[in-house]
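Peer 1: Questions regarding the structure given below will be posed in turn.
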Amino acid sequence: MPRLEPESERRGRAVLELRALSKSFGGLLAVSRVALQIFPGDRKAIIGPNGAGKTTLFNLVTGLLRASSGEVLLFGRDVTRWPPEKRTALGMARTFQVTSLFPGLSVFDNALLAVQGKRPMKYVMWRPLLSYGEVCGKARFLLARAGFEDRREVLVRNLSHGEQRQLEIVLALAGDPRLLLLDEPTAGLSSGESQEMAEFLRGLDRELAVLLIEHDMDIVFDVADHISVLHFGEILEAGPCDEIRKSERVRAIYFGNA
Ligand SMILES: Nc1ncnc2c1ncn2[C@@H]1O[C@H](COP(=O)(O)OP(=O)(O)OP(=O)(O)O)[C@@H](O)[C@H]1O
Ligand SMILES: [Mg+2]
């Protein structure tokens with residue numbers, strides 16, 4: 001009988017692995033024994049009703065919250081007790097459910113700040129690792145790669161909401177992460193803007209692993225190839241998009257039996 005290889009043997013080392021990860025807030029079990037593996041180039045989505053525990057799960061991955069039990073492995077290292085900045089330094093970036101740009105500054109100045117923030121200057125006070133010219137070059141490169149070159153001098157507050165959400169993702173890439181966590185990138189966007197976001201997300205570097213929280217099913221089916229359905233903190237079902245789309249259980253619970 002042929003031996004069935006585990007996913008890790010076929011696809012190398014997991015970028016992110018969650019093992020029986022749980023978080024309780026007092027009596028409320030917000031995340032319950034969640035298991036998940038993400039490999040380079042994966043596009044995975046987490047869906048679930050309001051309050052299902054999606055953002056809490058992201059906070060456990062990034063270290064904003066401490067797990068009650070279980071483990072978080074990033075690039076093969078157990079980071080369960082690590083603070084956020086140490087985890088990020090391994091090669092992880094995230095965006096938030098609400099925007100975090102500087103609206104009164106230009107797109108380029110926002111990019112400069114994002115690149116500057118990634119410079120490991122703290123330990124080499126006498127000589128910055130990147131010169132000002134290098135920081136500018138990196139900022140220009142980031143914006144050009146994402147098609148923002150023509151809007152470099154525009155004040156962020158004058159960008160459309162959709163453009164702002166895209167810019168946030170561009171800036172999250174300033175530290176060259178290998179894992180990107182996106183918390184509802186289409187929150188508050190019009191349907192046209194959401195479509196543009198989906199296109200933008202499909203254009204991201206194929207080597208990058210992306211974990212996406214999203215309410216908009218069209219976007220999920222457009223961008224992700226694997227979905228985990230979270231319900232009251234537990235993974236109710238996980239699988240390829242087609243499987244989830246057809247699941248009666250998921251329909252009943254997530255789509256209200258639509
Ligand atoms: N810091 C906290 N203290 C106490 N309870 C919390 C805290 N953060 C979240 N919760 C609770 O944990 C549950 C999960 O919340 P969470 O924000 O993770 O859900 P979500 O799936 O992201 O929801 P949404 O789709 O509305 O963004 C909710 O019942 C919420 O009220
Ligand atoms: Mg949330």
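Here, A, B, ... name the chains of the structure tokens in the order displayed, residue numbers run from 1 inside each chain, and ligands are numbered from 1 in the same displayed order.
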Please identify all polymer residues within 6 Å of Leu180 in chain A, counting only C-alpha atoms, omitting same-chain residues fewer than 4 positions from it, and present them as a ChimeraX atom specification.
Peer 2: /A:92-94,210
Peer 1: Could you write those residues out with C-alpha atoms, as an mmCIF file, in the first residue's frame?
Peer 2:
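Saved result, part_6.cif, follows:
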data_model
loop_
_atom_site.group_PDB
_atom_site.id
_atom_site.type_symbol
_atom_site.label_atom_id
_atom_site.label_comp_id
_atom_site.auth_asym_id
_atom_site.auth_seq_id
_atom_site.Cartn_x
_atom_site.Cartn_y
_atom_site.Cartn_z
ATOM 1 C CA MET A 92 5.506 37.979 9.742
ATOM 2 C CA ALA A 93 3.361 41.040 9.074
ATOM 3 C CA ARG A 94 -0.281 41.866 9.657
ATOM 4 C CA VAL A 210 -1.306 34.698 3.152
#
Peer 1: Let's see if you can do this: from backbone DSSP, list all strand (DSSP E or B) residues in range 83-122 of chain A, as a list in words.
Peer 2: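 Result set for range 83-122 of chain A (strand (DSSP E or B)): Met92, Ala93, Arg94, Thr95 and Ser106 of chain A.
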Peer 1: Excluding Ser100 in chain A and any residue of its chain fewer than 6 positions from it, enumerate the residues within 12 Å of it, using only C-alpha atoms, and give them as a PyMOL selection string.
Peer 2: chain A and resi 94+110+114+156-157+164-169+171-172
Peer 1: Would you mind exporting C-alpha atoms of the selected residues as a PDB file, in the first residue's frame?
Peer 2:
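Once written, selection-v3.pdb looks like this:
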ATOM      1  CA  ARG A  94      -0.281  41.866   9.657  1.00  0.00           C
ATOM      2  CA  ASN A 110       3.942  56.827   4.815  1.00  0.00           C
ATOM      3  CA  ALA A 114       7.126  51.996   7.183  1.00  0.00           C
ATOM      4  CA  VAL A 156      -3.259  59.593   2.168  1.00  0.00           C
ATOM      5  CA  ARG A 157      -6.496  61.281   3.229  1.00  0.00           C
ATOM      6  CA  GLN A 164      -5.920  53.260   1.585  1.00  0.00           C
ATOM      7  CA  ARG A 165      -6.596  49.635   2.450  1.00  0.00           C
ATOM      8  CA  GLN A 166      -4.331  48.504  -0.375  1.00  0.00           C
ATOM      9  CA  LEU A 167      -1.603  50.891   0.749  1.00  0.00           C
ATOM     10  CA  GLU A 168      -1.722  49.417   4.230  1.00  0.00           C
ATOM     11  CA  ILE A 169      -0.957  46.021   2.774  1.00  0.00           C
ATOM     12  CA  LEU A 171       3.410  48.992   3.749  1.00  0.00           C
ATOM     13  CA  ALA A 172       3.027  45.780   5.730  1.00  0.00           C
TER      14      ALA A 172
END
Peer 1: Could you list, as a ChimeraX atom specification, all the residues within 8 Å of ligand 2, counting only C-alpha atoms and all ligand atoms?
Peer 2: /A:50-51,53-56,97,183-184,213
Peer 1: For the selection you just gave me, I'd like the residues written to a file as an mmCIF file, in the first residue's frame, keeping C-alpha atoms.
Peer 2:
data_model
loop_
_atom_site.group_PDB
_atom_site.id
_atom_site.type_symbol
_atom_site.label_atom_id
_atom_site.label_comp_id
_atom_site.auth_asym_id
_atom_site.auth_seq_id
_atom_site.Cartn_x
_atom_site.Cartn_y
_atom_site.Cartn_z
ATOM 1 C CA ASN A 50 -19.248 37.977 14.132
ATOM 2 C CA GLY A 51 -17.661 37.074 17.427
ATOM 3 C CA GLY A 53 -12.945 34.363 17.419
ATOM 4 C CA LYS A 54 -11.200 35.308 14.160
ATOM 5 C CA THR A 55 -9.440 38.457 15.366
ATOM 6 C CA THR A 56 -8.606 36.797 18.681
ATOM 7 C CA GLN A 97 -9.477 45.486 10.920
ATOM 8 C CA ASP A 183 -7.876 41.042 8.994
ATOM 9 C CA GLU A 184 -10.864 41.909 6.793
ATOM 10 C CA ILE A 213 -9.935 36.863 7.623
#
Peer 1: Fewer than 2 positions away in the same chain doesn't count, so skip those; otherwise give me all residues within 6 Å of range 227-231 of chain A, counting only C-alpha atoms, as an MDAnalysis selection string.
Peer 2: chainID A and resid 44:48 52 233:239 241
Peer 1: Next, the residues of the selection above should be written as a compact mmCIF listing (two decimals), in the first residue's frame with N, CA and C atoms.
Peer 2:
# COMPACT_ATOMS: atom_id res chain seq x y z
N LYS A 44 -4.82 31.01 2.46
CA LYS A 44 -5.86 30.43 3.29
C LYS A 44 -6.74 31.50 3.90
N ALA A 45 -8.01 31.17 4.06
CA ALA A 45 -8.94 32.13 4.65
C ALA A 45 -9.59 31.54 5.89
N ILE A 46 -9.92 32.43 6.82
CA ILE A 46 -10.71 32.05 7.98
C ILE A 46 -12.01 32.83 7.90
N ILE A 47 -13.10 32.10 7.88
CA ILE A 47 -14.40 32.77 7.87
C ILE A 47 -15.16 32.37 9.13
N GLY A 48 -16.23 33.07 9.39
CA GLY A 48 -17.03 32.77 10.57
C GLY A 48 -17.84 33.97 10.96
N ALA A 52 -16.90 35.06 16.25
CA ALA A 52 -16.49 33.65 16.17
C ALA A 52 -15.09 33.42 16.75
N GLY A 233 -15.34 29.85 18.27
CA GLY A 233 -13.94 29.58 18.62
C GLY A 233 -13.37 28.29 18.11
N GLU A 234 -14.24 27.42 17.54
CA GLU A 234 -13.75 26.13 17.07
C GLU A 234 -13.74 26.07 15.56
N ILE A 235 -12.80 25.30 15.00
CA ILE A 235 -12.84 25.08 13.55
C ILE A 235 -13.89 24.01 13.27
N LEU A 236 -14.95 24.49 12.66
CA LEU A 236 -16.10 23.62 12.39
C LEU A 236 -15.80 22.72 11.20
N GLU A 237 -15.15 23.31 10.21
CA GLU A 237 -14.81 22.57 9.01
C GLU A 237 -13.65 23.29 8.32
N ALA A 238 -12.82 22.53 7.61
CA ALA A 238 -11.72 23.14 6.86
C ALA A 238 -11.50 22.34 5.60
N GLY A 239 -11.22 23.03 4.49
CA GLY A 239 -10.98 22.32 3.24
C GLY A 239 -10.90 23.27 2.06
N CYS A 241 -11.99 25.44 -1.18
CA CYS A 241 -13.17 26.31 -1.32
C CYS A 241 -14.41 25.55 -1.77
Peer 1: So which residues of range 16-253 of chain A fall under helix (DSSP H, G or I) by DSSP, listed as a PyMOL selection string?
Peer 2: chain A and resi 54-62+84-89+107-117+132-145+149-151+156-158+161-175+191-202+217-223+241-246+248-253
Peer 1: Just the number, please: distance in Å from CA of Gln195 in chain A to CA of Leu159 in chain A, one decimal.
Peer 2: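 Taking CA of Gln195 in chain A and CA of Leu159 in chain A, their separation equals 16.9 Å.
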Peer 1: Report as a list in words all protein, DNA and RNA residues lying within 7 Å of Ala30 in chain A, evaluated on only C-alpha atoms, omitting residues in the same chain fewer than 2 positions from it.
Peer 2: Lys23, Ser24, Phe25, Leu28, Ser32, Gly53, Phe232 and Gly233 of chain A
Peer 1: So that I have them on file, write out the residues from the current selection with N, CA and C atoms, as a PDB file, in the first residue's frame.
Peer 2:
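Below is the file out.pdb, written as the result:
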ATOM      1  N   LYS A  23      -7.862  30.219  23.725  1.00  0.00           N
ATOM      2  CA  LYS A  23      -7.827  31.452  24.517  1.00  0.00           C
ATOM      3  C   LYS A  23      -9.156  31.635  25.222  1.00  0.00           C
ATOM      4  N   SER A  24      -9.105  31.778  26.523  1.00  0.00           N
ATOM      5  CA  SER A  24     -10.356  32.106  27.208  1.00  0.00           C
ATOM      6  C   SER A  24     -10.256  33.478  27.842  1.00  0.00           C
ATOM      7  N   PHE A  25     -11.375  34.180  27.793  1.00  0.00           N
ATOM      8  CA  PHE A  25     -11.533  35.463  28.484  1.00  0.00           C
ATOM      9  C   PHE A  25     -12.491  35.181  29.624  1.00  0.00           C
ATOM     10  N   LEU A  28     -15.408  32.806  28.957  1.00  0.00           N
ATOM     11  CA  LEU A  28     -15.685  32.678  27.520  1.00  0.00           C
ATOM     12  C   LEU A  28     -14.496  32.054  26.787  1.00  0.00           C
ATOM     13  N   SER A  32     -10.816  27.859  20.571  1.00  0.00           N
ATOM     14  CA  SER A  32     -10.829  26.557  21.221  1.00  0.00           C
ATOM     15  C   SER A  32     -10.128  25.474  20.387  1.00  0.00           C
ATOM     16  N   GLY A  53     -14.295  34.504  16.858  1.00  0.00           N
ATOM     17  CA  GLY A  53     -12.945  34.363  17.419  1.00  0.00           C
ATOM     18  C   GLY A  53     -11.837  34.595  16.412  1.00  0.00           C
ATOM     19  N   PHE A 232     -17.948  29.799  17.182  1.00  0.00           N
ATOM     20  CA  PHE A 232     -17.754  29.782  18.638  1.00  0.00           C
ATOM     21  C   PHE A 232     -16.346  29.313  19.000  1.00  0.00           C
ATOM     22  N   GLY A 233     -15.342  29.845  18.272  1.00  0.00           N
ATOM     23  CA  GLY A 233     -13.945  29.581  18.621  1.00  0.00           C
ATOM     24  C   GLY A 233     -13.375  28.288  18.111  1.00  0.00           C
TER      25      GLY A 233
END
Peer 1: Just to confirm, what's the straight-line distance from CA of Phe58 in chain A to CA of Gly70 in chain A in Å (one decimal)?
Peer 2: 14.3 Å
Peer 1: Name the closest residue to ligand 1 among the candidates A:Glu214, A:Glu85, A:Glu153, A:Glu17; distances are taken between atoms, counting only C-alpha atoms and all ligand atoms.
Peer 2: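 Result for the nearest residue to ligand 1: A:Glu214.
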Peer 1: Rounded to one decimal place, report the CA of Leu173 in chain A-CA of Cys136 in chain A distance in Å.
Peer 2: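 CA of Leu173 in chain A sits 15.0 Å away from CA of Cys136 in chain A.
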Peer 1: May I have the residues within 12 Å of Asp42 in chain A as a PyMOL selection string, using only C-alpha atoms and disregarding those fewer than 5 positions away in the same chain?
Peer 2: chain A and resi 11+14-16+36-37+178-181+202+204-212+223-227+240
Peer 1: Would you mind exporting C-alpha atoms of the selected residues as a short mmCIF file (atom, residue, chain, number, x, y, z; two decimals), in the first residue's frame?
Peer 2:
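What ended up in result.cif:
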data_model
loop_
_atom_site.label_atom_id
_atom_site.label_comp_id
_atom_site.auth_asym_id
_atom_site.auth_seq_id
_atom_site.Cartn_x
_atom_site.Cartn_y
_atom_site.Cartn_z
CA ARG A 11 5.66 20.93 0.95
CA ALA A 14 5.25 25.08 7.60
CA VAL A 15 5.47 28.85 7.78
CA LEU A 16 2.89 28.81 10.55
CA LEU A 36 -3.86 25.03 11.31
CA GLN A 37 -0.84 24.74 9.03
CA ARG A 178 7.12 35.55 4.33
CA LEU A 179 3.76 35.38 6.13
CA LEU A 180 1.07 38.04 5.81
CA LEU A 181 -2.04 38.13 8.01
CA ARG A 202 -4.13 37.94 -6.31
CA LEU A 204 0.88 39.50 -4.36
CA ASP A 205 4.18 37.60 -4.54
CA ARG A 206 3.35 33.90 -4.99
CA GLU A 207 6.02 32.86 -2.49
CA LEU A 208 4.29 34.83 0.25
CA ALA A 209 1.96 32.83 2.51
CA VAL A 210 -1.31 34.70 3.15
CA LEU A 211 -3.83 34.09 5.91
CA LEU A 212 -6.96 36.12 5.39
CA VAL A 223 -8.43 34.90 -3.39
CA ALA A 224 -8.16 31.82 -1.18
CA ASP A 225 -7.75 28.19 -2.09
CA HIS A 226 -8.46 26.81 1.37
CA ILE A 227 -10.99 27.86 4.00
CA PRO A 240 -10.72 23.53 -0.34
#
Peer 1: I want to know what sits within 12 Å of Gly137 in chain A, based on only C-alpha atoms, with residues of the same chain fewer than 2 positions away left out; could you give that as an NGL selection string?
Peer 2: :A and (108 or 111-112 or 115-116 or 130-135 or 139-144 or 174)
Peer 1: Tell me which of A:Thr80, A:Ser160, A:Glu71, A:Ile219 sits closest to Pro185 in chain A, counting only C-alpha atoms.
Peer 2: A:Ile219
Peer 1: Quick one: of A:Ala89, A:Val154, A:Val31, A:Val107, who's nearest to Arg66 in chain A, counting only C-alpha atoms?
Peer 2: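 Of A:Ala89, A:Val154, A:Val31, A:Val107, the one nearest Arg66 in chain A is A:Val31, counting only C-alpha atoms.
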